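Shown here: protein.txt, compact mmCIF, C-alpha atoms.
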# COMPACT_ATOMS: atom_id res chain seq x y z
CA MET A 1 -175.26 71.54 -28.14
CA PRO A 2 -172.19 70.43 -30.15
CA GLY A 3 -169.25 68.93 -28.27
CA ALA A 4 -166.91 71.91 -28.59
CA GLU A 5 -169.59 74.23 -27.27
CA LEU A 6 -170.34 71.94 -24.33
CA ALA A 7 -166.63 71.66 -23.47
CA ARG A 8 -166.27 75.45 -23.41
CA ILE A 9 -168.82 75.80 -20.61
CA ILE A 10 -167.24 73.11 -18.43
CA ASP A 11 -164.98 74.09 -15.52
CA HIS A 12 -162.81 70.97 -15.31
CA THR A 13 -162.52 70.51 -11.58
CA LEU A 14 -160.20 68.86 -9.05
CA LEU A 15 -160.52 70.10 -5.49
CA LYS A 16 -159.70 67.05 -3.35
CA ALA A 17 -157.45 67.66 -0.36
CA GLN A 18 -155.07 64.93 -1.49
CA ALA A 19 -154.63 66.08 -5.13
CA SER A 20 -150.93 66.23 -6.06
CA PRO A 21 -149.13 68.58 -8.43
CA ALA A 22 -149.03 65.70 -10.94
CA ASP A 23 -152.81 65.33 -10.66
CA ILE A 24 -153.22 69.05 -11.36
CA LEU A 25 -150.97 68.83 -14.41
CA SER A 26 -153.06 65.92 -15.72
CA LEU A 27 -156.17 68.03 -15.18
CA CYS A 28 -154.57 70.79 -17.25
CA GLU A 29 -153.58 68.39 -20.06
CA GLU A 30 -157.14 67.09 -20.22
CA ALA A 31 -158.52 70.61 -20.30
CA VAL A 32 -156.36 71.45 -23.31
CA ARG A 33 -157.11 68.17 -25.07
CA TYR A 34 -160.89 68.43 -24.63
CA GLY A 35 -161.17 72.21 -24.94
CA PHE A 36 -162.68 72.84 -21.51
CA GLY A 37 -163.29 76.46 -20.60
CA SER A 38 -161.21 76.38 -17.44
CA VAL A 39 -159.64 74.24 -14.77
CA CYS A 40 -160.99 74.80 -11.26
CA VAL A 41 -158.41 74.20 -8.52
CA ASN A 42 -157.57 75.09 -4.93
CA SER A 43 -155.57 78.30 -4.65
CA ALA A 44 -152.27 76.56 -3.78
CA PHE A 45 -152.26 75.17 -7.33
CA VAL A 46 -153.00 78.39 -9.22
CA PRO A 47 -149.36 79.16 -10.10
CA LEU A 48 -148.78 75.64 -11.40
CA ALA A 49 -151.97 75.61 -13.49
CA ALA A 50 -151.36 79.11 -14.80
CA GLU A 51 -147.85 78.20 -15.88
CA ARG A 52 -149.06 75.08 -17.68
CA LEU A 53 -152.04 76.76 -19.34
CA GLY A 54 -150.53 80.08 -20.44
CA GLY A 55 -151.33 80.66 -24.12
CA THR A 56 -153.70 77.68 -24.41
CA GLY A 57 -156.94 79.61 -24.04
CA VAL A 58 -157.94 77.54 -21.00
CA GLU A 59 -158.68 79.79 -18.02
CA VAL A 60 -157.58 79.13 -14.44
CA CYS A 61 -160.33 79.29 -11.82
CA SER A 62 -159.45 79.31 -8.11
CA VAL A 63 -161.84 78.48 -5.32
CA VAL A 64 -161.78 80.84 -2.35
CA GLY A 65 -162.99 80.33 1.24
CA PHE A 66 -163.66 76.80 0.14
CA PRO A 67 -165.66 74.73 0.92
CA LEU A 68 -167.13 76.06 4.20
CA GLY A 69 -167.40 79.76 3.37
CA ALA A 70 -166.86 80.53 7.05
CA MET A 71 -163.37 81.92 6.64
CA SER A 72 -163.14 85.61 7.50
CA GLY A 73 -164.07 87.97 4.67
CA ARG A 74 -160.64 89.60 4.90
CA ALA A 75 -158.94 86.26 4.36
CA LYS A 76 -161.21 85.49 1.40
CA ALA A 77 -160.35 88.81 -0.23
CA HIS A 78 -156.65 88.17 0.35
CA GLU A 79 -156.88 84.65 -1.08
CA ALA A 80 -158.74 85.96 -4.16
CA GLY A 81 -156.29 88.80 -4.77
CA TRP A 82 -153.31 86.49 -4.46
CA ALA A 83 -154.91 83.95 -6.82
CA VAL A 84 -155.56 86.60 -9.49
CA ARG A 85 -152.03 87.97 -9.21
CA SER A 86 -150.81 84.38 -9.56
CA GLY A 87 -152.67 83.80 -12.82
CA ALA A 88 -156.29 82.97 -12.01
CA THR A 89 -158.86 84.82 -14.11
CA GLU A 90 -161.88 83.34 -12.35
CA ILE A 91 -162.74 83.02 -8.65
CA ASP A 92 -165.36 80.67 -7.19
CA MET A 93 -166.05 81.91 -3.67
CA VAL A 94 -168.34 80.48 -0.99
CA ILE A 95 -170.75 82.76 0.87
CA PRO A 96 -170.84 82.78 4.68
CA VAL A 97 -173.85 80.46 4.82
CA GLY A 98 -174.44 80.88 8.56
CA LEU A 99 -174.56 84.67 8.28
CA LEU A 100 -177.05 84.52 5.41
CA ARG A 101 -179.31 82.18 7.35
CA ALA A 102 -179.08 84.48 10.35
CA GLY A 103 -180.31 87.39 8.23
CA ARG A 104 -176.99 89.24 8.23
CA ASP A 105 -177.36 90.16 4.57
CA ASP A 106 -175.21 93.26 5.11
CA LEU A 107 -172.25 91.08 6.12
CA VAL A 108 -172.84 88.62 3.28
CA GLU A 109 -172.87 91.45 0.75
CA ASP A 110 -169.66 92.91 2.22
CA ASP A 111 -168.03 89.49 2.09
CA ILE A 112 -168.81 89.08 -1.62
CA ARG A 113 -167.90 92.66 -2.49
CA GLY A 114 -164.53 92.24 -0.78
CA VAL A 115 -163.73 89.34 -3.08
CA VAL A 116 -165.05 91.12 -6.19
CA THR A 117 -162.85 94.14 -5.40
CA ALA A 118 -159.78 92.03 -4.62
CA ALA A 119 -160.27 89.99 -7.80
CA ALA A 120 -159.75 93.26 -9.70
CA GLY A 121 -161.63 92.47 -12.89
CA GLY A 122 -161.51 88.68 -12.57
CA LEU A 123 -164.77 86.84 -13.06
CA VAL A 124 -166.37 86.07 -9.67
CA LYS A 125 -168.79 83.21 -9.14
CA VAL A 126 -170.66 83.11 -5.85
CA ILE A 127 -171.36 79.65 -4.43
CA ILE A 128 -174.56 79.83 -2.43
CA GLU A 129 -174.34 76.19 -1.19
CA ALA A 130 -178.03 75.71 -1.89
CA CYS A 131 -178.35 72.44 0.06
CA TYR A 132 -178.35 74.45 3.31
CA LEU A 133 -180.83 77.10 2.17
CA THR A 134 -184.58 77.54 1.81
CA ASP A 135 -185.83 78.83 -1.55
CA ALA A 136 -186.26 82.31 -0.06
CA GLU A 137 -182.67 82.21 1.20
CA LYS A 138 -181.43 81.05 -2.23
CA VAL A 139 -183.15 84.03 -3.83
CA ARG A 140 -181.64 86.42 -1.26
CA ALA A 141 -178.18 84.96 -1.79
CA CYS A 142 -178.48 85.51 -5.55
CA GLU A 143 -179.69 89.06 -5.07
CA LEU A 144 -176.80 89.84 -2.75
CA ALA A 145 -174.31 88.38 -5.25
CA GLU A 146 -175.72 90.66 -7.94
CA LYS A 147 -175.72 93.74 -5.67
CA ALA A 148 -172.11 93.06 -4.69
CA GLY A 149 -170.99 93.04 -8.32
CA ALA A 150 -170.38 89.31 -8.87
CA HIS A 151 -170.72 87.78 -12.32
CA PHE A 152 -172.15 84.33 -11.65
CA VAL A 153 -174.09 82.48 -9.01
CA LYS A 154 -173.22 78.84 -8.45
CA THR A 155 -175.30 76.15 -6.79
CA SER A 156 -172.88 74.08 -4.71
CA THR A 157 -169.36 73.30 -3.57
CA GLY A 158 -169.71 69.56 -4.15
CA PHE A 159 -168.52 69.05 -0.55
CA GLY A 160 -171.85 69.63 1.18
CA PRO A 161 -174.63 67.09 1.69
CA GLY A 162 -176.28 68.03 -1.63
CA GLY A 163 -175.21 69.11 -5.13
CA ALA A 164 -176.84 70.83 -8.08
CA THR A 165 -180.53 70.30 -8.78
CA THR A 166 -182.46 71.47 -11.81
CA ALA A 167 -184.99 73.12 -9.48
CA ASP A 168 -182.25 75.25 -7.90
CA VAL A 169 -180.69 76.14 -11.25
CA SER A 170 -184.08 77.20 -12.55
CA LEU A 171 -184.81 79.28 -9.42
CA MET A 172 -181.41 80.95 -9.60
CA ARG A 173 -181.85 81.72 -13.31
CA ARG A 174 -185.26 83.28 -12.68
CA THR A 175 -183.70 85.40 -9.93
CA VAL A 176 -180.72 86.76 -11.83
CA GLY A 177 -182.30 86.83 -15.30
CA GLU A 178 -179.69 87.23 -18.02
CA ARG A 179 -177.73 89.73 -15.93
CA LEU A 180 -175.57 87.07 -14.25
CA GLY A 181 -174.41 83.61 -15.23
CA VAL A 182 -175.59 80.47 -13.43
CA LYS A 183 -173.12 77.68 -12.74
CA ALA A 184 -174.36 74.24 -11.78
CA ALA A 185 -171.89 72.12 -9.82
CA GLY A 186 -171.92 69.12 -7.54
CA GLY A 187 -172.92 65.62 -8.61
CA ILE A 188 -173.14 66.20 -12.39
CA ARG A 189 -171.64 62.92 -13.53
CA ASP A 190 -173.07 62.16 -16.97
CA LEU A 191 -174.35 63.68 -20.19
CA VAL A 192 -177.99 63.37 -19.18
CA SER A 193 -177.51 65.44 -16.01
CA ALA A 194 -175.28 67.95 -17.81
CA ARG A 195 -177.99 68.51 -20.42
CA ALA A 196 -180.68 68.73 -17.75
CA MET A 197 -178.74 71.49 -15.98
CA ILE A 198 -178.33 73.43 -19.22
CA ALA A 199 -182.01 73.02 -20.02
CA ALA A 200 -182.84 74.37 -16.55
CA GLY A 201 -180.81 77.51 -17.22
CA ALA A 202 -177.16 76.80 -16.43
CA ASP A 203 -174.58 78.41 -18.69
CA ARG A 204 -171.57 76.95 -16.87
CA LEU A 205 -171.00 73.49 -15.42
CA GLY A 206 -168.54 72.53 -12.69
CA MET A 207 -167.56 68.89 -13.10
CA SER A 208 -164.86 66.44 -12.26
CA ALA A 209 -166.44 63.99 -14.71
CA GLY A 210 -165.91 66.24 -17.75
CA VAL A 211 -163.73 63.76 -19.60
CA SER A 212 -166.17 60.90 -19.32
CA VAL A 213 -169.05 63.19 -20.31
CA MET A 214 -167.18 64.28 -23.44
CA GLU A 215 -166.40 60.66 -24.29
CA GLU A 216 -170.06 59.81 -23.76
CA LEU A 217 -171.02 62.59 -26.14
CA ARG A 218 -168.48 61.46 -28.72
CA ALA A 219 -169.79 57.89 -28.56
CA ALA A 220 -173.37 59.09 -28.92
CA THR A 221 -172.45 61.31 -31.89
CA ALA A 222 -170.60 58.45 -33.59
CA LEU A 223 -173.68 56.23 -33.49
CA MET B 1 -158.66 62.19 35.11
CA PRO B 2 -161.07 64.41 37.10
CA GLY B 3 -163.79 66.30 35.23
CA ALA B 4 -162.23 69.75 35.46
CA GLU B 5 -158.95 68.45 34.14
CA LEU B 6 -160.67 66.68 31.23
CA ALA B 7 -162.64 69.82 30.37
CA ARG B 8 -159.44 71.89 30.22
CA ILE B 9 -157.99 69.76 27.44
CA ILE B 10 -161.12 69.86 25.28
CA ASP B 11 -161.33 72.28 22.35
CA HIS B 12 -165.09 72.76 22.16
CA THR B 13 -165.67 72.75 18.43
CA LEU B 14 -168.24 74.00 15.91
CA LEU B 15 -167.04 74.25 12.33
CA LYS B 16 -170.13 73.51 10.25
CA ALA B 17 -170.65 75.74 7.21
CA GLN B 18 -174.16 76.61 8.37
CA ALA B 19 -173.33 77.59 11.99
CA SER B 20 -174.89 80.93 12.88
CA PRO B 21 -173.62 83.68 15.19
CA ALA B 22 -176.19 82.47 17.75
CA ASP B 23 -174.77 78.95 17.51
CA ILE B 24 -171.27 80.31 18.15
CA LEU B 25 -172.49 82.26 21.17
CA SER B 26 -174.08 79.07 22.56
CA LEU B 27 -170.79 77.28 22.02
CA CYS B 28 -169.04 80.01 24.02
CA GLU B 29 -171.59 79.83 26.85
CA GLU B 30 -171.11 76.07 27.08
CA ALA B 31 -167.33 76.47 27.11
CA VAL B 32 -167.58 78.83 30.07
CA ARG B 33 -170.11 76.66 31.89
CA TYR B 34 -168.14 73.43 31.51
CA GLY B 35 -164.66 74.94 31.76
CA PHE B 36 -163.45 73.85 28.33
CA GLY B 37 -159.96 74.97 27.37
CA SER B 38 -161.01 76.71 24.20
CA VAL B 39 -163.66 77.08 21.55
CA CYS B 40 -162.59 76.08 18.05
CA VAL B 41 -164.34 78.04 15.28
CA ASN B 42 -163.97 79.15 11.68
CA SER B 43 -162.07 82.40 11.31
CA ALA B 44 -165.13 84.50 10.44
CA PHE B 45 -166.34 83.94 14.01
CA VAL B 46 -163.13 84.79 15.86
CA PRO B 47 -164.11 88.39 16.68
CA LEU B 48 -167.50 87.29 18.04
CA ALA B 49 -166.03 84.48 20.16
CA ALA B 50 -163.18 86.68 21.41
CA GLU B 51 -165.61 89.39 22.47
CA ARG B 52 -167.79 86.90 24.34
CA LEU B 53 -164.91 85.05 26.00
CA GLY B 54 -162.67 87.94 27.02
CA GLY B 55 -161.74 87.57 30.69
CA THR B 56 -163.28 84.10 31.07
CA GLY B 57 -160.06 82.09 30.70
CA VAL B 58 -161.47 80.21 27.70
CA GLU B 59 -159.16 80.54 24.69
CA VAL B 60 -160.30 81.17 21.12
CA CYS B 61 -158.91 78.76 18.52
CA SER B 62 -159.33 79.49 14.81
CA VAL B 63 -159.00 76.93 12.05
CA VAL B 64 -156.95 78.04 9.04
CA GLY B 65 -156.89 76.68 5.48
CA PHE B 66 -159.70 74.46 6.62
CA PRO B 67 -160.60 71.71 5.90
CA LEU B 68 -158.78 70.98 2.61
CA GLY B 69 -155.37 72.47 3.40
CA ALA B 70 -154.96 73.24 -0.30
CA MET B 71 -155.35 76.98 0.07
CA SER B 72 -152.19 78.88 -0.87
CA GLY B 73 -149.64 79.21 1.92
CA ARG B 74 -149.79 82.99 1.64
CA ALA B 75 -153.53 82.96 2.21
CA LYS B 76 -153.14 80.64 5.21
CA ALA B 77 -150.58 82.96 6.77
CA HIS B 78 -152.86 85.93 6.18
CA GLU B 79 -155.85 84.12 7.66
CA ALA B 80 -153.81 83.14 10.73
CA GLY B 81 -152.41 86.63 11.27
CA TRP B 82 -155.83 88.19 10.98
CA ALA B 83 -157.32 85.64 13.39
CA VAL B 84 -154.65 86.33 16.01
CA ARG B 85 -155.07 90.09 15.68
CA SER B 86 -158.83 89.52 16.09
CA GLY B 87 -158.45 87.65 19.37
CA ALA B 88 -157.51 84.04 18.60
CA THR B 89 -154.66 82.65 20.70
CA GLU B 90 -154.59 79.26 18.99
CA ILE B 91 -154.51 78.29 15.31
CA ASP B 92 -155.40 74.86 13.91
CA MET B 93 -154.02 74.78 10.37
CA VAL B 94 -154.25 72.04 7.75
CA ILE B 95 -151.13 70.94 5.88
CA PRO B 96 -151.11 70.78 2.07
CA VAL B 97 -151.77 67.04 1.98
CA GLY B 98 -151.17 66.65 -1.75
CA LEU B 99 -147.76 68.31 -1.52
CA LEU B 100 -146.71 66.07 1.36
CA ARG B 101 -147.76 62.95 -0.51
CA ALA B 102 -145.86 64.18 -3.56
CA GLY B 103 -142.69 64.46 -1.46
CA ARG B 104 -142.59 68.27 -1.54
CA ASP B 105 -141.56 68.42 2.12
CA ASP B 106 -139.81 71.75 1.50
CA LEU B 107 -143.11 73.34 0.50
CA VAL B 108 -145.00 71.74 3.40
CA GLU B 109 -142.46 73.07 5.88
CA ASP B 110 -142.65 76.57 4.35
CA ASP B 111 -146.44 76.42 4.52
CA ILE B 112 -146.40 75.60 8.24
CA ARG B 113 -143.64 78.08 9.04
CA GLY B 114 -145.59 80.85 7.31
CA VAL B 115 -148.51 80.24 9.65
CA VAL B 116 -146.30 79.96 12.75
CA THR B 117 -144.66 83.28 11.88
CA ALA B 118 -147.95 85.02 11.10
CA ALA B 119 -149.49 83.70 14.32
CA ALA B 120 -146.82 85.70 16.17
CA GLY B 121 -146.61 83.71 19.37
CA GLY B 122 -150.03 82.07 19.13
CA LEU B 123 -150.14 78.32 19.67
CA VAL B 124 -150.12 76.51 16.31
CA LYS B 125 -151.55 73.02 15.85
CA VAL B 126 -150.81 71.27 12.59
CA ILE B 127 -153.55 69.03 11.23
CA ILE B 128 -151.94 66.24 9.25
CA GLU B 129 -155.27 64.71 8.08
CA ALA B 130 -153.98 61.24 8.82
CA CYS B 131 -156.75 59.42 6.92
CA TYR B 132 -155.02 60.30 3.65
CA LEU B 133 -151.50 59.33 4.76
CA THR B 134 -149.37 56.21 5.14
CA ASP B 135 -147.62 55.77 8.48
CA ALA B 136 -144.35 56.97 6.95
CA GLU B 137 -146.12 60.09 5.67
CA LYS B 138 -147.68 60.70 9.10
CA VAL B 139 -144.22 60.59 10.68
CA ARG B 140 -142.82 62.99 8.04
CA ALA B 141 -145.72 65.38 8.58
CA CYS B 142 -145.06 65.44 12.32
CA GLU B 143 -141.35 66.00 11.81
CA LEU B 144 -142.03 68.89 9.43
CA ALA B 145 -144.43 70.46 11.93
CA GLU B 146 -141.75 70.31 14.60
CA LYS B 147 -139.04 71.69 12.28
CA ALA B 148 -141.32 74.56 11.28
CA GLY B 149 -141.83 75.59 14.90
CA ALA B 150 -145.39 74.43 15.50
CA HIS B 151 -146.59 73.47 18.98
CA PHE B 152 -148.97 70.60 18.38
CA VAL B 153 -149.75 67.97 15.78
CA LYS B 154 -153.37 67.06 15.26
CA THR B 155 -154.84 63.95 13.68
CA SER B 156 -157.80 65.10 11.59
CA THR B 157 -160.12 67.84 10.45
CA GLY B 158 -163.26 65.81 11.10
CA PHE B 159 -164.31 66.59 7.50
CA GLY B 160 -162.28 63.86 5.79
CA PRO B 161 -163.24 60.22 5.35
CA GLY B 162 -161.61 59.25 8.67
CA GLY B 163 -161.11 60.74 12.14
CA ALA B 164 -158.80 60.14 15.08
CA THR B 165 -157.57 56.63 15.81
CA THR B 166 -155.59 55.50 18.85
CA ALA B 167 -152.99 53.99 16.51
CA ASP B 168 -152.39 57.38 14.87
CA VAL B 169 -152.28 59.22 18.19
CA SER B 170 -149.75 56.74 19.50
CA LEU B 171 -147.59 57.01 16.36
CA MET B 172 -147.69 60.79 16.47
CA ARG B 173 -146.76 60.81 20.17
CA ARG B 174 -143.82 58.51 19.55
CA THR B 175 -142.69 60.83 16.74
CA VAL B 176 -142.85 64.14 18.60
CA GLY B 177 -142.02 62.82 22.08
CA GLU B 178 -142.86 65.35 24.76
CA ARG B 179 -141.56 68.21 22.62
CA LEU B 180 -144.93 68.88 20.97
CA GLY B 181 -148.51 68.32 21.98
CA VAL B 182 -150.78 65.80 20.26
CA LYS B 183 -154.40 66.67 19.58
CA ALA B 184 -156.88 63.96 18.69
CA ALA B 185 -159.92 65.14 16.75
CA GLY B 186 -162.62 63.70 14.54
CA GLY B 187 -165.22 61.21 15.66
CA ILE B 188 -164.58 61.36 19.43
CA ARG B 189 -168.17 61.19 20.60
CA ASP B 190 -168.15 59.61 24.07
CA LEU B 191 -166.17 59.22 27.28
CA VAL B 192 -164.76 55.83 26.31
CA SER B 193 -163.19 57.18 23.11
CA ALA B 194 -161.99 60.35 24.83
CA ARG B 195 -160.21 58.24 27.46
CA ALA B 196 -158.78 55.91 24.80
CA MET B 197 -157.26 58.88 22.98
CA ILE B 198 -155.70 60.20 26.18
CA ALA B 199 -154.33 56.75 27.02
CA ALA B 200 -152.79 56.59 23.53
CA GLY B 201 -150.96 59.86 24.14
CA ALA B 202 -153.29 62.75 23.32
CA ASP B 203 -153.04 65.83 25.53
CA ARG B 204 -155.72 67.78 23.69
CA LEU B 205 -159.07 66.66 22.29
CA GLY B 206 -161.09 68.36 19.59
CA MET B 207 -164.76 67.55 20.04
CA SER B 208 -168.21 68.80 19.21
CA ALA B 209 -169.61 66.30 21.72
CA GLY B 210 -167.84 67.85 24.72
CA VAL B 211 -171.01 68.67 26.59
CA SER B 212 -172.43 65.16 26.39
CA VAL B 213 -169.05 63.70 27.36
CA MET B 214 -168.93 65.92 30.45
CA GLU B 215 -172.48 64.93 31.33
CA GLU B 216 -171.56 61.29 30.88
CA LEU B 217 -168.62 61.76 33.22
CA ARG B 218 -170.78 63.54 35.77
CA ALA B 219 -173.32 60.71 35.71
CA ALA B 220 -170.58 58.11 36.07
CA THR B 221 -169.01 59.99 39.00
CA ALA B 222 -172.38 60.32 40.73
CA LEU B 223 -172.90 56.57 40.70
Mind turning the file's structure into structure tokens?
Amino acid sequence: MPGAELARIIDHTLLKAQASPADILSLCEEAVRYGFGSVCVNSAFVPLAAERLGGTGVEVCSVVGFPLGAMSGRAKAHEAGWAVRSGATEIDMVIPVGLLRAGRDDLVEDDIRGVVTAAAGGLVKVIIEACYLTDAEKVRACELAEKAGAHFVKTSTGFGPGGATTADVSLMRRTVGERLGVKAAGGIRDLVSARAMIAAGADRLGMSAGVSVMEELRAATAL
Amino acid sequence: MPGAELARIIDHTLLKAQASPADILSLCEEAVRYGFGSVCVNSAFVPLAAERLGGTGVEVCSVVGFPLGAMSGRAKAHEAGWAVRSGATEIDMVIPVGLLRAGRDDLVEDDIRGVVTAAAGGLVKVIIEACYLTDAEKVRACELAEKAGAHFVKTSTGFGPGGATTADVSLMRRTVGERLGVKAAGGIRDLVSARAMIAAGADRLGMSAGVSVMEELRAATAL
């Protein structure tokens, strides 16, 4: 995959509690410079990122109900709607993990659908936080995301005890076929892991290490 | 401090992403059995906890904007309002840490005031996430919480790299005097640390280890 194509599938990500407005602006500058597909930020920073990135072709992605997923579904929908009205075109939401594990698939589906509806045409990625789930639960989570009208399933928040694995990406891809996208996120820190995730079936990568991966690729190409 | 009095100042806490409805019901049962002041849960579980605890004297506390604090202020206010209408009488909100560190005290104050207003008379505790702050920033965070009309300041989410320290509790108490409460939370796992926090000035403790602390106290008293 050529560099420009790789950059386009990277969500350039900064979600730390202590990130400042200046840090978010740097993230945006890097996204423009390297041609990343989007920046992925907490919802408080959506207006700032949207203002900086207007007209650049870089999308603004807001996380919602992040990272625990245990915020009420109503609050998630409100957060998503506000983010889209403030300039986000993509929403990465976290499922209510405890409800899925308890077999309350009806509530999980409602939770996702509420965000999809509130996002009003925005692209919705559903974080299943795979580190807490059995394979059967991962499959159910993907099926519920599809039923609820989401556009992507995503492996991890990056804040849980485990991140993306090629086994999970591959399982999620088999489950959703080509009907939904699969985003790998959490612990992808170098070109080798980025390529492994793509080979396993990911068509979007969430990374905070996007800049160093692109520099790694440039160095390798220059050899 | 006698056992019953200690129990009354403990917020019996379960905030893990993977907590199930059954886990929340167990938390409520324990709170009733041991006489804890409240249960502290994610907002999705407020209706369940409120239904179980109605008439028992145990309060329901909902976290808001948790644990990163970087959710938009509008979404925090919405989450808090919904939680109170669903039966929560206490709200533990997280400040926008990155905005405080960047000196945007105006925005931090607005963020807190939005939650206080939305909580409509509910008790609001402001989590300053002290592990990310200098002492001067901790003092500013406490002053902003007081200016914005909050009722308590709280040390930590328990999800950051550091929890409550006696030094922070003492600093926060000196800053807010007796005008606000001080809640210590994060890493308080035994009777010795609970007592140290109280000695340093805490008048509320957030703990997931409340049951074992009460059992420890009972054993010590029986000696």
- Smallest atom-to-atom distance to chain B: which of A:Glu109, A:Glu29, A:Glu215, A:Glu129, using all atoms listed in the file? A:Glu129
Distance table requested - segment 38-123 of chain A against segment 11-16 of chain A, cut-off 12 Å, only C-alpha atoms: one row per qualifying residue with the closest atom pair and its distance in Å to one decimal, ordered by chain and rising residue number, as JSON lines.
{"residue": "A:Ser38", "atom": "CA", "partner": "A:Asp11", "partner_atom": "CA", "distance": 4.8}
{"residue": "A:Val39", "atom": "CA", "partner": "A:His12", "partner_atom": "CA", "distance": 4.6}
{"residue": "A:Cys40", "atom": "CA", "partner": "A:Thr13", "partner_atom": "CA", "distance": 4.6}
{"residue": "A:Val41", "atom": "CA", "partner": "A:Leu15", "partner_atom": "CA", "distance": 5.5}
{"residue": "A:Asn42", "atom": "CA", "partner": "A:Leu15", "partner_atom": "CA", "distance": 5.8}
{"residue": "A:Ser43", "atom": "CA", "partner": "A:Leu15", "partner_atom": "CA", "distance": 9.6}
{"residue": "A:Ala44", "atom": "CA", "partner": "A:Leu15", "partner_atom": "CA", "distance": 10.6}
{"residue": "A:Phe45", "atom": "CA", "partner": "A:Leu15", "partner_atom": "CA", "distance": 9.9}
{"residue": "A:Val46", "atom": "CA", "partner": "A:Leu15", "partner_atom": "CA", "distance": 11.8}
{"residue": "A:Ala49", "atom": "CA", "partner": "A:Leu14", "partner_atom": "CA", "distance": 11.5}
{"residue": "A:Val58", "atom": "CA", "partner": "A:Asp11", "partner_atom": "CA", "distance": 9.6}
{"residue": "A:Glu59", "atom": "CA", "partner": "A:Asp11", "partner_atom": "CA", "distance": 8.9}
{"residue": "A:Val60", "atom": "CA", "partner": "A:Asp11", "partner_atom": "CA", "distance": 9.0}
{"residue": "A:Cys61", "atom": "CA", "partner": "A:Asp11", "partner_atom": "CA", "distance": 7.9}
{"residue": "A:Ser62", "atom": "CA", "partner": "A:Leu15", "partner_atom": "CA", "distance": 9.6}
{"residue": "A:Val63", "atom": "CA", "partner": "A:Leu15", "partner_atom": "CA", "distance": 8.5}
{"residue": "A:Val64", "atom": "CA", "partner": "A:Leu15", "partner_atom": "CA", "distance": 11.3}
{"residue": "A:Phe66", "atom": "CA", "partner": "A:Leu15", "partner_atom": "CA", "distance": 9.3}
{"residue": "A:Pro67", "atom": "CA", "partner": "A:Leu15", "partner_atom": "CA", "distance": 9.4}
{"residue": "A:Glu90", "atom": "CA", "partner": "A:Asp11", "partner_atom": "CA", "distance": 10.3}
{"residue": "A:Ile91", "atom": "CA", "partner": "A:Asp11", "partner_atom": "CA", "distance": 11.5}
{"residue": "A:Asp92", "atom": "CA", "partner": "A:Asp11", "partner_atom": "CA", "distance": 10.6}
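What separates atom CA of Ile9 of chain B from atom CA of Thr134 of chain B is a distance of 27.5 Å.
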- Task: Just the residues within 12 Å of Thr221 of chain A, please, counting all atoms listed in the file, with nothing from its chain fewer than 6 positions along; format it as a list in words.
- Result: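 Using all atoms listed in the file, the neighbours found are Met1, Pro2, Gly3, Met214 and Glu215 of chain A.
Between atom CA of Leu48 of chain A and atom CA of Ser212 of chain A there is a distance of 24.1 Å.
Put simply, atom CA of Gly57 of chain A is 7.9 Å away from atom CA of Gly37 of chain A.
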- Which residues come within 9 Å of Lys147 of chain B, counting all atoms listed in the file, excluding same-chain residues fewer than 3 positions away, as a count of residues only? 6
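Of the residues under consideration (B:Ala209, B:Leu191, B:Ala148, B:Cys131), B:Cys131 shows the shortest atom-to-atom contact distance to Gly162 of chain B when counting only C-alpha atoms.
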- Compare A:Val192, A:Arg173, A:Asp106, A:Leu205 by their minimum atom-to-atom distance to Arg8 of chain A, counting all atoms listed in the file, and give me the closest one. A:Leu205
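The protein and nucleic acid residues lying at most 12 Å from Val213 of chain A are Gly3, Leu6, Ala7, Ile10, His12, Tyr34, Phe36, Ile188, Arg189, Asp190, Leu191, Val192, Ser193, Ala194, Arg195, Leu205, Met207, Ala219 and Ala220 of chain A, with all atoms listed in the file considered and sequence neighbours fewer than 6 positions away removed.
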- Message: So that I can see what lies close to Thr155 of chain B, please list as a list in words the residues with an atom at most 6 Å from it, counting all atoms listed in the file and leaving out residues fewer than 2 positions away in the same chain.
- Response: Ile127, Ile128, Glu129, Ala130, Ala164 and Ala184 of chain B
- Task: Please identify all polymer residues lying at most 10 Å from the point (-144.4, 70.6, 16.2) (file coordinates), using all atoms listed in the file, and present the result as a list of chain:residue names.
- Result: B:Ile112, B:Val124, B:Lys125, B:Val126, B:Ala141, B:Cys142, B:Glu143, B:Leu144, B:Ala145, B:Glu146, B:Lys147, B:Ala148, B:Gly149, B:Ala150, B:His151, B:Phe152, B:Val153, B:Lys154, B:Thr175, B:Val176, B:Arg179, B:Leu180, B:Gly181, B:Val182
Reconstruct N, CA and C atoms of segment 52-56 of chain A from the incomplete input and present them as a tab-separated table (two decimals), in the frame of the given file.
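Contents of the output file rebuild_11.tsv:
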chain	number	residue	atom	x	y	z
A	52	ARG	N	-148.81	76.11	-16.68
A	52	ARG	CA	-149.06	75.08	-17.68
A	52	ARG	C	-150.01	75.57	-18.78
A	53	LEU	N	-150.96	76.42	-18.40
A	53	LEU	CA	-152.04	76.76	-19.34
A	53	LEU	C	-151.84	78.08	-20.08
A	54	GLY	N	-150.78	78.80	-19.76
A	54	GLY	CA	-150.53	80.08	-20.44
A	54	GLY	C	-150.53	79.89	-21.95
A	55	GLY	N	-151.31	80.71	-22.67
A	55	GLY	CA	-151.33	80.66	-24.12
A	55	GLY	C	-152.21	79.58	-24.72
A	56	THR	N	-152.86	78.77	-23.87
A	56	THR	CA	-153.70	77.68	-24.41
A	56	THR	C	-155.15	78.09	-24.58
